[in-house]
$ cat work-v6.cif   # mmCIF, C-alpha atoms
data_input
loop_
_atom_site.label_atom_id
_atom_site.label_comp_id
_atom_site.auth_asym_id
_atom_site.auth_seq_id
_atom_site.Cartn_x
_atom_site.Cartn_y
_atom_site.Cartn_z
CA MET A 1 72.48 49.19 70.76
CA LEU A 2 70.45 46.13 71.69
CA SER A 3 69.96 45.30 75.36
CA PRO A 4 71.25 41.95 76.75
CA GLU A 5 67.63 40.75 77.01
CA SER A 6 66.93 41.67 73.39
CA LEU A 7 70.13 40.00 72.24
CA ALA A 8 69.17 36.81 74.05
CA GLN A 9 65.75 36.84 72.40
CA VAL A 10 67.33 37.42 68.98
CA SER A 11 69.77 34.53 69.54
CA VAL A 12 67.00 32.11 70.54
CA ALA A 13 64.80 33.21 67.63
CA ALA A 14 67.70 32.85 65.18
CA THR A 15 68.48 29.32 66.38
CA GLN A 16 64.81 28.28 66.19
CA GLU A 17 64.51 29.78 62.70
CA ALA A 18 67.66 27.99 61.53
CA MET A 19 66.39 24.65 62.87
CA ALA A 20 62.97 25.10 61.27
CA THR A 21 64.54 26.03 57.95
CA ALA A 22 66.79 22.99 58.04
CA SER A 23 63.82 20.61 58.31
CA LEU A 24 62.31 22.04 55.13
CA GLY A 25 65.48 22.14 53.06
CA LEU A 26 68.36 24.34 54.04
CA SER A 27 68.37 27.99 52.98
CA VAL A 28 71.44 29.76 54.30
CA LYS A 29 72.31 33.44 54.18
CA VAL A 30 76.06 33.93 53.92
CA LEU A 31 78.13 37.06 54.55
CA THR A 32 81.84 37.47 53.92
CA VAL A 33 83.97 40.51 54.72
CA ASN A 34 87.62 41.34 55.30
CA ILE A 35 87.37 43.49 58.45
CA HIS A 36 90.94 44.87 58.27
CA LYS A 37 91.50 44.17 61.99
CA GLY A 38 88.61 46.49 62.87
CA PHE A 39 90.10 49.63 61.29
CA THR A 40 89.09 51.77 58.34
CA PHE A 41 91.23 52.31 55.24
CA PHE A 42 94.80 53.35 56.16
CA ASN A 43 93.99 52.47 59.82
CA ARG A 44 92.55 55.92 60.40
CA LYS A 45 89.77 54.93 62.80
CA PHE A 46 88.79 51.90 64.87
CA MET A 47 85.29 50.84 63.76
CA LEU A 48 84.72 47.38 65.21
CA HIS A 49 81.68 48.44 67.27
CA GLU A 50 79.97 49.94 64.20
CA LEU A 51 80.98 46.94 62.12
CA ARG A 52 79.35 44.58 64.64
CA GLU A 53 76.03 46.42 64.26
CA ALA A 54 76.29 46.25 60.45
CA VAL A 55 77.05 42.52 60.50
CA ARG A 56 74.08 41.89 62.79
CA PHE A 57 71.76 43.87 60.54
CA VAL A 58 72.42 41.55 57.57
CA GLY A 59 71.00 38.62 59.54
CA ALA A 60 73.38 36.04 58.08
CA ASP A 61 73.43 32.43 59.26
CA LEU A 62 77.12 32.08 58.39
CA VAL A 63 79.67 34.87 58.56
CA PHE A 64 83.13 34.47 57.01
CA LEU A 65 85.67 36.96 58.37
CA GLN A 66 89.24 37.70 57.28
CA GLU A 67 91.93 39.73 59.06
CA VAL A 68 90.31 39.13 62.43
CA THR A 69 92.42 40.05 65.45
CA GLY A 70 92.83 37.44 68.14
CA THR A 71 94.85 39.70 70.40
CA HIS A 72 96.93 42.87 70.04
CA ALA A 73 98.64 44.23 73.15
CA TRP A 74 99.57 47.61 71.64
CA HIS A 75 96.03 48.41 70.48
CA GLU A 76 94.51 47.16 73.74
CA SER A 77 96.48 49.75 75.68
CA ARG A 78 96.09 52.68 73.27
CA VAL A 79 92.79 52.44 71.36
CA ASP A 80 89.60 53.67 73.04
CA ASP A 81 86.84 51.06 73.49
CA TYR A 82 89.11 48.28 72.31
CA PRO A 83 87.42 44.94 73.20
CA ALA A 84 88.92 42.85 75.96
CA THR A 85 87.89 39.68 74.10
CA PRO A 86 89.15 38.39 70.73
CA HIS A 87 87.41 40.21 67.88
CA TYR A 88 85.64 37.10 66.59
CA GLU A 89 84.06 36.60 70.03
CA PHE A 90 83.13 40.28 70.22
CA LEU A 91 81.44 40.10 66.81
CA ALA A 92 79.70 36.79 67.51
CA ASP A 93 78.38 37.99 70.88
CA SER A 94 74.98 36.32 71.52
CA ILE A 95 73.85 36.27 67.86
CA TRP A 96 76.13 33.47 66.61
CA PRO A 97 76.50 30.87 69.37
CA GLN A 98 79.16 28.97 67.41
CA PHE A 99 82.45 30.32 66.11
CA ALA A 100 85.86 29.12 65.00
CA TYR A 101 89.14 30.98 64.60
CA GLY A 102 92.23 30.10 62.58
CA ARG A 103 95.35 31.99 63.64
CA ASN A 104 97.56 32.80 60.66
CA ALA A 105 99.82 35.81 61.27
CA VAL A 106 101.69 35.97 64.57
CA TYR A 107 103.75 38.99 65.66
CA PRO A 108 105.20 40.38 68.93
CA ASN A 109 102.00 42.26 69.87
CA GLY A 110 99.52 39.50 68.99
CA HIS A 111 97.99 37.62 66.06
CA HIS A 112 95.19 37.64 63.47
CA GLY A 113 93.57 35.23 61.04
CA ASN A 114 90.25 33.98 59.68
CA ALA A 115 87.02 33.25 61.55
CA VAL A 116 83.61 31.71 60.92
CA LEU A 117 80.52 32.66 62.94
CA SER A 118 77.63 30.20 62.73
CA LYS A 119 74.04 29.77 63.92
CA PHE A 120 74.48 26.04 63.36
CA PRO A 121 76.68 23.76 65.50
CA ILE A 122 80.32 23.56 64.40
CA THR A 123 81.25 19.94 65.09
CA SER A 124 84.89 20.32 64.09
CA PHE A 125 87.27 22.74 62.43
CA ASP A 126 90.81 22.81 61.12
CA ASN A 127 93.04 25.66 60.01
CA ARG A 128 95.21 24.45 57.14
CA ASP A 129 98.46 26.35 56.66
CA VAL A 130 98.82 27.30 52.99
CA SER A 131 101.69 29.76 53.43
CA ILE A 132 104.19 29.49 50.60
CA SER A 133 107.32 31.38 51.67
CA GLY A 134 108.51 34.53 53.39
CA THR A 135 106.60 36.39 56.09
CA GLU A 136 103.13 36.27 54.48
CA ARG A 137 101.16 33.69 56.49
CA ARG A 138 97.91 32.32 55.04
CA GLY A 139 95.39 29.67 56.05
CA LEU A 140 92.18 27.90 55.01
CA LEU A 141 89.76 27.63 57.94
CA HIS A 142 87.61 24.54 57.30
CA CYS A 143 84.51 24.14 59.50
CA VAL A 144 82.12 21.18 59.55
CA LEU A 145 78.57 22.23 60.40
CA GLN A 146 75.90 19.86 61.69
CA VAL A 147 72.51 21.21 60.69
CA PRO A 148 69.60 19.87 62.79
CA GLY A 149 67.37 17.52 60.82
CA ARG A 150 70.02 16.73 58.17
CA ASP A 151 72.33 13.72 57.97
CA THR A 152 74.88 15.29 55.65
CA PRO A 153 77.14 17.94 57.20
CA VAL A 154 77.73 21.29 55.52
CA HIS A 155 81.33 22.36 54.95
CA ALA A 156 82.34 26.02 55.26
CA ILE A 157 85.84 27.16 54.25
CA CYS A 158 87.03 30.68 55.02
CA VAL A 159 89.76 31.84 52.66
CA HIS A 160 92.36 34.60 52.57
CA LEU A 161 94.90 34.04 49.81
CA GLY A 162 98.27 35.65 49.18
CA LEU A 163 99.15 38.90 47.45
CA THR A 164 101.60 37.25 45.05
CA GLU A 165 100.00 35.54 42.03
CA SER A 166 102.34 32.56 42.03
CA HIS A 167 101.44 31.97 45.70
CA ARG A 168 97.71 32.25 44.96
CA VAL A 169 97.91 29.65 42.18
CA LYS A 170 99.49 27.14 44.57
CA GLN A 171 96.99 28.03 47.30
CA LEU A 172 94.05 27.53 44.93
CA HIS A 173 95.32 24.04 44.13
CA MET A 174 95.68 23.38 47.87
CA LEU A 175 92.05 24.45 48.28
CA CYS A 176 90.98 22.04 45.53
CA GLU A 177 92.96 19.28 47.25
CA LEU A 178 91.21 19.99 50.56
CA VAL A 179 87.75 19.87 48.95
CA ASN A 180 88.46 16.70 46.98
CA GLN A 181 90.27 14.73 49.69
CA ASP A 182 88.58 15.84 52.93
CA ILE A 183 84.96 16.35 51.83
CA ALA A 184 82.51 13.75 50.51
CA ALA A 185 81.56 14.27 46.87
CA GLY A 186 77.87 14.88 47.63
CA ALA A 187 78.32 17.17 50.63
CA PRO A 188 77.36 20.86 50.37
CA VAL A 189 80.37 23.20 50.33
CA ILE A 190 80.54 26.97 50.79
CA VAL A 191 83.88 28.70 50.26
CA ALA A 192 84.08 32.43 50.92
CA GLY A 193 86.61 35.11 51.65
CA ASP A 194 89.29 37.39 50.25
CA PHE A 195 90.96 35.72 47.27
CA ASN A 196 93.10 38.71 46.24
CA ASP A 197 92.41 37.41 42.72
CA TRP A 198 92.27 40.69 40.84
CA ARG A 199 92.89 38.93 37.49
CA GLY A 200 89.94 36.54 37.93
CA ARG A 201 91.91 33.33 37.49
CA ALA A 202 90.39 31.50 40.45
CA HIS A 203 87.06 30.79 38.71
CA ALA A 204 88.44 28.31 36.18
CA VAL A 205 90.84 26.66 38.63
CA LEU A 206 88.13 26.04 41.25
CA ALA A 207 85.49 24.97 38.72
CA GLN A 208 87.76 22.47 37.01
CA GLY A 209 89.62 21.35 40.11
CA ALA A 210 86.83 21.13 42.70
CA GLY A 211 83.46 21.78 41.04
CA LEU A 212 83.10 25.13 42.80
CA HIS A 213 81.16 27.97 41.16
CA GLU A 214 81.06 31.63 42.17
CA VAL A 215 77.63 33.00 43.11
CA PHE A 216 77.99 36.47 41.55
CA VAL A 217 79.59 35.13 38.37
CA GLN A 218 76.72 32.66 37.91
CA ALA A 219 74.13 35.41 38.48
CA HIS A 220 75.71 38.38 36.69
CA GLY A 221 78.49 36.99 34.52
CA GLN A 222 81.25 38.57 36.58
CA ALA A 223 82.50 38.76 40.14
CA ALA A 224 81.42 41.69 42.33
CA ARG A 225 83.89 44.54 42.86
CA THR A 226 84.72 44.97 46.53
CA PHE A 227 88.02 46.84 46.85
CA PRO A 228 88.58 49.56 47.86
CA ALA A 229 85.28 49.75 49.71
CA ARG A 230 84.52 53.43 49.00
CA PHE A 231 85.16 53.15 45.25
CA PRO A 232 85.28 49.44 44.40
CA LEU A 233 87.47 48.69 41.39
CA LEU A 234 88.76 45.17 42.04
CA ALA A 235 86.78 41.95 42.53
CA LEU A 236 88.83 40.44 45.34
CA ASP A 237 86.16 38.85 47.52
CA ARG A 238 84.14 35.79 46.47
CA ILE A 239 81.50 33.24 47.49
CA TYR A 240 81.87 29.82 45.82
CA VAL A 241 79.50 26.87 46.26
CA ARG A 242 79.26 23.20 45.38
CA ASN A 243 76.13 21.02 45.56
CA ALA A 244 73.83 24.03 45.92
CA ILE A 245 70.27 23.79 44.58
CA ILE A 246 69.83 27.55 44.24
CA HIS A 247 72.10 30.48 45.01
CA ALA A 248 71.53 34.18 44.56
CA PRO A 249 73.48 37.33 45.47
CA VAL A 250 72.07 39.64 48.15
CA VAL A 251 72.45 43.37 47.48
CA LEU A 252 73.94 45.26 50.43
CA PRO A 253 73.87 49.07 50.75
CA ALA A 254 77.06 51.02 50.18
CA LYS A 255 76.68 52.69 53.56
CA PRO A 256 77.65 52.09 56.27
CA TRP A 257 79.92 49.41 54.81
CA SER A 258 82.04 51.81 52.74
CA HIS A 259 83.21 53.45 55.98
CA LEU A 260 83.82 50.32 58.06
CA SER A 261 86.73 48.54 56.33
CA ASP A 262 88.88 48.70 53.22
CA HIS A 263 86.83 45.84 51.69
CA ALA A 264 83.13 45.88 50.87
CA PRO A 265 81.20 42.77 52.01
CA LEU A 266 79.44 40.16 49.91
CA ALA A 267 76.24 38.31 50.82
CA ALA A 268 74.21 35.52 49.22
CA GLU A 269 71.22 33.28 49.82
CA ILE A 270 72.12 29.64 49.24
CA GLU A 271 69.73 26.69 49.22
CA LEU A 272 71.48 23.40 49.90
#

$ encode --input "work-v6.cif" --output "structure tokens"
Amino acid sequence: MLSPESLAQVSVAATQEAMATASLGLSVKVLTVNIHKGFTFFNRKFMLHELREAVRFVGADLVFLQEVTGTHAWHESRVDDYPATPHYEFLADSIWPQFAYGRNAVYPNGHHGNAVLSKFPITSFDNRDVSISGTERRGLLHCVLQVPGRDTPVHAICVHLGLTESHRVKQLHMLCELVNQDIAAGAPVIVAGDFNDWRGRAHAVLAQGAGLHEVFVQAHGQAARTFPARFPLLALDRIYVRNAIIHAPVVLPAKPWSHLSDHAPLAAEIEL
């Protein structure tokens, strides 16, 4: 574990590096992962502390998180080493000075949703409700980032779409509507998260409807398989971009990630 002094030094260095990079043309490392509320597959073990170390090791400028717990009274009283703070704050710690949380699912013991951790200032954010019907609550967390030395803001949208295909189709069109109506045509856009799109239909919808292109598809011809984490079979998680000069996938090791959540993470270097 890093000491508080070391963490402070890392935070300052990261901010200085991000500011210097912005003045030369913005190169951003992005990480997205569904953290399954901090538990492993089938909720067998609480792994949020280990997951925090793994997220730090990647060194991402922007982190997109899904299934992030805001509060959970039952777990707080029964799980050892359960954080007293919301999980997005616990993960951000002193590495990502800016963070935003969009609460989606609310239940008697607490709530969870999406979160974005950022080394750049978040000037505003909005959590758009894209729930269709029933008890499955979904949202699009839209953050506006002001990068030092740049006039044009960067838009980051954290996504977790529904399990039902008919719901996902409607939610994809809502995402296109958000990008087209709320974001200037020339502004850089990064959309990342858990699309639950096991049939790969999101690529065409987002390309045609909002000019968004998936990083792994552009590089390798197909989306990366991320679920289940130990033996990935389905390509559920994605990183889409618009107005990016260059973008390239970053290869992450199978371990420790395969033991930290039910989803494997995705990472990419994006020059905007």

$ closest_atom_pairs --input "work-v6.cif" --of "range 231-258 of chain A" --to "range 211-221 of chain A" --cutoff "12 Å" --atoms "only C-alpha atoms" --output "CSV"
residue,atom,partner,partner_atom,distance
A:Ala235,CA,A:Phe216,CA,10.4
A:Asp237,CA,A:Glu214,CA,10.3
A:Arg238,CA,A:Glu214,CA,6.7
A:Ile239,CA,A:Glu214,CA,5.6
A:Tyr240,CA,A:Glu214,CA,4.2
A:Val241,CA,A:Leu212,CA,5.3
A:Arg242,CA,A:Leu212,CA,5.0
A:Asn243,CA,A:Leu212,CA,8.5
A:Ala244,CA,A:His213,CA,9.6
A:Ile245,CA,A:Val215,CA,11.9
A:Ile246,CA,A:Val215,CA,9.6
A:His247,CA,A:Val215,CA,6.4
A:Ala248,CA,A:Val215,CA,6.4
A:Pro249,CA,A:Phe216,CA,6.0
A:Val250,CA,A:Phe216,CA,9.4
A:Val251,CA,A:Phe216,CA,10.7

$ closest_residue --input "work-v6.cif" --among "A:Leu272, A:Val106, A:Ala84, A:Ala115" --to "Val33 in chain A" --atoms "all atoms listed in the file"
A:Ala115

$ residues_around --input "work-v6.cif" --residues "Gly59 in chain A" --least-positions-apart "4" --cutoff "9 Å" --atoms "all atoms listed in the file" --output "ChimeraX atom specification"
/A:14,29-31,55

$ atom_distance --input "work-v6.cif" --atom1 "CA of Gln98 in chain A" --atom2 "CA of His155 in chain A"
14.3 Å

$ atom_distance --input "work-v6.cif" --atom1 "CA of Asp194 in chain A" --atom2 "CA of Pro108 in chain A"
24.7 Å

$ atom_distance --input "work-v6.cif" --atom1 "CA of Ile122 in chain A" --atom2 "CA of Gln66 in chain A"
18.2 Å

$ axis_aligned_box --input "work-v6.cif" --around "range 193-202 of chain A" --padding-each-side "8 Å" --output "AutoDock Vina command-line options"
--center_x 89.9 --center_y 36.1 --center_z 44.6 --size_x 22.5 --size_y 25.2 --size_z 30.2

$ residues_around --input "work-v6.cif" --residues "range 254-268 of chain A" --least-positions-apart "4" --cutoff "10 Å" --atoms "all atoms listed in the file" --output "PyMOL selection string"
chain A and resi 28-43+45-55+58+60+62-65+192-194+215-216+224-232+234-239+247-250

$ resolve_selection --input "work-v6.cif" --expression "the PyMOL selection byres ((chain A and resi 177) around 12)" --output "number ranges by chain"
A: 128, 130, 140, 170-176, 178-183, 205-206, 208-211

$ write_last_selection --input "work-v6.cif" --atoms "C-alpha atoms" --output "PDB file, keeping the file's coordinate frame"
ATOM      1  CA  ARG A 128      95.210  24.450  57.140  1.00  0.00           C
ATOM      2  CA  VAL A 130      98.820  27.300  52.990  1.00  0.00           C
ATOM      3  CA  LEU A 140      92.180  27.900  55.010  1.00  0.00           C
ATOM      4  CA  LYS A 170      99.490  27.140  44.570  1.00  0.00           C
ATOM      5  CA  GLN A 171      96.990  28.030  47.300  1.00  0.00           C
ATOM      6  CA  LEU A 172      94.050  27.530  44.930  1.00  0.00           C
ATOM      7  CA  HIS A 173      95.320  24.040  44.130  1.00  0.00           C
ATOM      8  CA  MET A 174      95.680  23.380  47.870  1.00  0.00           C
ATOM      9  CA  LEU A 175      92.050  24.450  48.280  1.00  0.00           C
ATOM     10  CA  CYS A 176      90.980  22.040  45.530  1.00  0.00           C
ATOM     11  CA  LEU A 178      91.210  19.990  50.560  1.00  0.00           C
ATOM     12  CA  VAL A 179      87.750  19.870  48.950  1.00  0.00           C
ATOM     13  CA  ASN A 180      88.460  16.700  46.980  1.00  0.00           C
ATOM     14  CA  GLN A 181      90.270  14.730  49.690  1.00  0.00           C
ATOM     15  CA  ASP A 182      88.580  15.840  52.930  1.00  0.00           C
ATOM     16  CA  ILE A 183      84.960  16.350  51.830  1.00  0.00           C
ATOM     17  CA  VAL A 205      90.840  26.660  38.630  1.00  0.00           C
ATOM     18  CA  LEU A 206      88.130  26.040  41.250  1.00  0.00           C
ATOM     19  CA  GLN A 208      87.760  22.470  37.010  1.00  0.00           C
ATOM     20  CA  GLY A 209      89.620  21.350  40.110  1.00  0.00           C
ATOM     21  CA  ALA A 210      86.830  21.130  42.700  1.00  0.00           C
ATOM     22  CA  GLY A 211      83.460  21.780  41.040  1.00  0.00           C
TER      23      GLY A 211
END

$ decode --input "work-v6.cif" --residues "range 194-234 of chain A" --atoms "N, CA and C atoms" --output "JSON list (two decimals), in the first residue's frame"
[["chain", "number", "residue", "atom", "x", "y", "z"],
["A", 194, "ASP", "N", -20.40, -0.58, -19.78],
["A", 194, "ASP", "CA", -20.96, -1.91, -19.98],
["A", 194, "ASP", "C", -22.23, -1.77, -20.82],
["A", 195, "PHE", "N", -22.14, -2.20, -22.09],
["A", 195, "PHE", "CA", -23.26, -2.06, -23.01],
["A", 195, "PHE", "C", -24.19, -3.27, -23.02],
["A", 196, "ASN", "N", -23.76, -4.37, -22.41],
["A", 196, "ASN", "CA", -24.56, -5.60, -22.41],
["A", 196, "ASN", "C", -24.98, -5.99, -23.83],
["A", 197, "ASP", "N", -24.18, -5.59, -24.81],
["A", 197, "ASP", "CA", -24.53, -5.76, -26.22],
["A", 197, "ASP", "C", -23.86, -7.01, -26.77],
["A", 198, "TRP", "N", -24.30, -8.17, -26.33],
["A", 198, "TRP", "CA", -23.63, -9.41, -26.70],
["A", 198, "TRP", "C", -23.81, -9.76, -28.18],
["A", 199, "ARG", "N", -24.75, -9.13, -28.86],
["A", 199, "ARG", "CA", -24.96, -9.39, -30.29],
["A", 199, "ARG", "C", -24.26, -8.37, -31.19],
["A", 200, "GLY", "N", -23.57, -7.39, -30.58],
["A", 200, "GLY", "CA", -22.78, -6.44, -31.35],
["A", 200, "GLY", "C", -23.56, -5.48, -32.21],
["A", 201, "ARG", "N", -24.76, -5.12, -31.80],
["A", 201, "ARG", "CA", -25.59, -4.24, -32.61],
["A", 201, "ARG", "C", -25.34, -2.76, -32.34],
["A", 202, "ALA", "N", -24.64, -2.45, -31.27],
["A", 202, "ALA", "CA", -24.43, -1.05, -30.91],
["A", 202, "ALA", "C", -23.51, -0.33, -31.89],
["A", 203, "HIS", "N", -22.56, -1.06, -32.50],
["A", 203, "HIS", "CA", -21.57, -0.40, -33.36],
["A", 203, "HIS", "C", -22.24, 0.39, -34.48],
["A", 204, "ALA", "N", -23.13, -0.24, -35.22],
["A", 204, "ALA", "CA", -23.78, 0.41, -36.35],
["A", 204, "ALA", "C", -24.68, 1.55, -35.89],
["A", 205, "VAL", "N", -25.42, 1.32, -34.81],
["A", 205, "VAL", "CA", -26.35, 2.35, -34.31],
["A", 205, "VAL", "C", -25.59, 3.61, -33.91],
["A", 206, "LEU", "N", -24.49, 3.43, -33.17],
["A", 206, "LEU", "CA", -23.73, 4.59, -32.68],
["A", 206, "LEU", "C", -22.92, 5.26, -33.79],
["A", 207, "ALA", "N", -22.44, 4.48, -34.75],
["A", 207, "ALA", "CA", -21.70, 5.07, -35.86],
["A", 207, "ALA", "C", -22.62, 5.91, -36.74],
["A", 208, "GLN", "N", -23.77, 5.36, -37.08],
["A", 208, "GLN", "CA", -24.70, 6.06, -37.95],
["A", 208, "GLN", "C", -25.42, 7.19, -37.22],
["A", 209, "GLY", "N", -25.74, 6.96, -35.95],
["A", 209, "GLY", "CA", -26.56, 7.92, -35.22],
["A", 209, "GLY", "C", -25.79, 9.03, -34.54],
["A", 210, "ALA", "N", -24.49, 8.80, -34.23],
["A", 210, "ALA", "CA", -23.75, 9.82, -33.48],
["A", 210, "ALA", "C", -22.28, 9.94, -33.88],
["A", 211, "GLY", "N", -21.86, 9.21, -34.92],
["A", 211, "GLY", "CA", -20.47, 9.31, -35.36],
["A", 211, "GLY", "C", -19.47, 8.74, -34.37],
["A", 212, "LEU", "N", -19.92, 7.80, -33.55],
["A", 212, "LEU", "CA", -19.05, 7.18, -32.55],
["A", 212, "LEU", "C", -18.48, 5.87, -33.09],
["A", 213, "HIS", "N", -17.18, 5.64, -32.83],
["A", 213, "HIS", "CA", -16.52, 4.42, -33.32],
["A", 213, "HIS", "C", -15.80, 3.73, -32.16],
["A", 214, "GLU", "N", -15.88, 2.41, -32.12],
["A", 214, "GLU", "CA", -15.33, 1.64, -31.01],
["A", 214, "GLU", "C", -13.83, 1.40, -31.23],
["A", 215, "VAL", "N", -13.05, 1.63, -30.18],
["A", 215, "VAL", "CA", -11.59, 1.59, -30.27],
["A", 215, "VAL", "C", -11.08, 0.21, -30.66],
["A", 216, "PHE", "N", -11.57, -0.84, -30.03],
["A", 216, "PHE", "CA", -11.08, -2.20, -30.30],
["A", 216, "PHE", "C", -11.54, -2.69, -31.66],
["A", 217, "VAL", "N", -12.74, -2.31, -32.07],
["A", 217, "VAL", "CA", -13.23, -2.70, -33.40],
["A", 217, "VAL", "C", -12.38, -2.05, -34.48],
["A", 218, "GLN", "N", -12.05, -0.77, -34.30],
["A", 218, "GLN", "CA", -11.21, -0.07, -35.28],
["A", 218, "GLN", "C", -9.82, -0.68, -35.37],
["A", 219, "ALA", "N", -9.28, -1.13, -34.22],
["A", 219, "ALA", "CA", -7.92, -1.68, -34.20],
["A", 219, "ALA", "C", -7.85, -3.14, -34.63],
["A", 220, "HIS", "N", -8.83, -3.95, -34.20],
["A", 220, "HIS", "CA", -8.74, -5.39, -34.39],
["A", 220, "HIS", "C", -9.88, -6.00, -35.21],
["A", 221, "GLY", "N", -10.85, -5.18, -35.59],
["A", 221, "GLY", "CA", -11.95, -5.69, -36.38],
["A", 221, "GLY", "C", -13.09, -6.27, -35.57],
["A", 222, "GLN", "N", -12.93, -6.34, -34.26],
["A", 222, "GLN", "CA", -13.99, -6.84, -33.40],
["A", 222, "GLN", "C", -13.82, -6.31, -31.98],
["A", 223, "ALA", "N", -14.90, -6.28, -31.25],
["A", 223, "ALA", "CA", -14.86, -5.81, -29.86],
["A", 223, "ALA", "C", -14.16, -6.84, -28.97],
["A", 224, "ALA", "N", -13.56, -6.36, -27.90],
["A", 224, "ALA", "CA", -12.85, -7.24, -26.97],
["A", 224, "ALA", "C", -13.83, -8.00, -26.08],
["A", 225, "ARG", "N", -13.53, -9.26, -25.84],
["A", 225, "ARG", "CA", -14.37, -10.08, -24.95],
["A", 225, "ARG", "C", -14.01, -9.79, -23.50],
["A", 226, "THR", "N", -15.01, -9.54, -22.70],
["A", 226, "THR", "CA", -14.76, -9.12, -21.31],
["A", 226, "THR", "C", -15.57, -9.87, -20.26],
["A", 227, "PHE", "N", -16.50, -10.71, -20.68],
["A", 227, "PHE", "CA", -17.37, -11.38, -19.69],
["A", 227, "PHE", "C", -17.56, -12.85, -20.05],
["A", 228, "PRO", "N", -17.50, -13.73, -19.01],
["A", 228, "PRO", "CA", -17.07, -13.47, -17.63],
["A", 228, "PRO", "C", -15.56, -13.27, -17.55],
["A", 229, "ALA", "N", -15.10, -12.58, -16.55],
["A", 229, "ALA", "CA", -13.72, -12.13, -16.49],
["A", 229, "ALA", "C", -12.70, -13.27, -16.56],
["A", 230, "ARG", "N", -13.00, -14.40, -15.93],
["A", 230, "ARG", "CA", -12.01, -15.49, -15.88],
["A", 230, "ARG", "C", -11.89, -16.22, -17.21],
["A", 231, "PHE", "N", -13.00, -16.31, -17.94],
["A", 231, "PHE", "CA", -13.00, -16.96, -19.26],
["A", 231, "PHE", "C", -13.87, -16.13, -20.20],
["A", 232, "PRO", "N", -13.37, -15.00, -20.66],
["A", 232, "PRO", "CA", -14.21, -14.07, -21.42],
["A", 232, "PRO", "C", -14.75, -14.68, -22.72],
["A", 233, "LEU", "N", -16.06, -14.64, -22.86],
["A", 233, "LEU", "CA", -16.75, -15.15, -24.03],
["A", 233, "LEU", "C", -17.54, -14.06, -24.75],
["A", 234, "LEU", "N", -18.04, -13.09, -24.00],
["A", 234, "LEU", "CA", -18.92, -12.07, -24.55],
["A", 234, "LEU", "C", -18.25, -10.69, -24.53]]
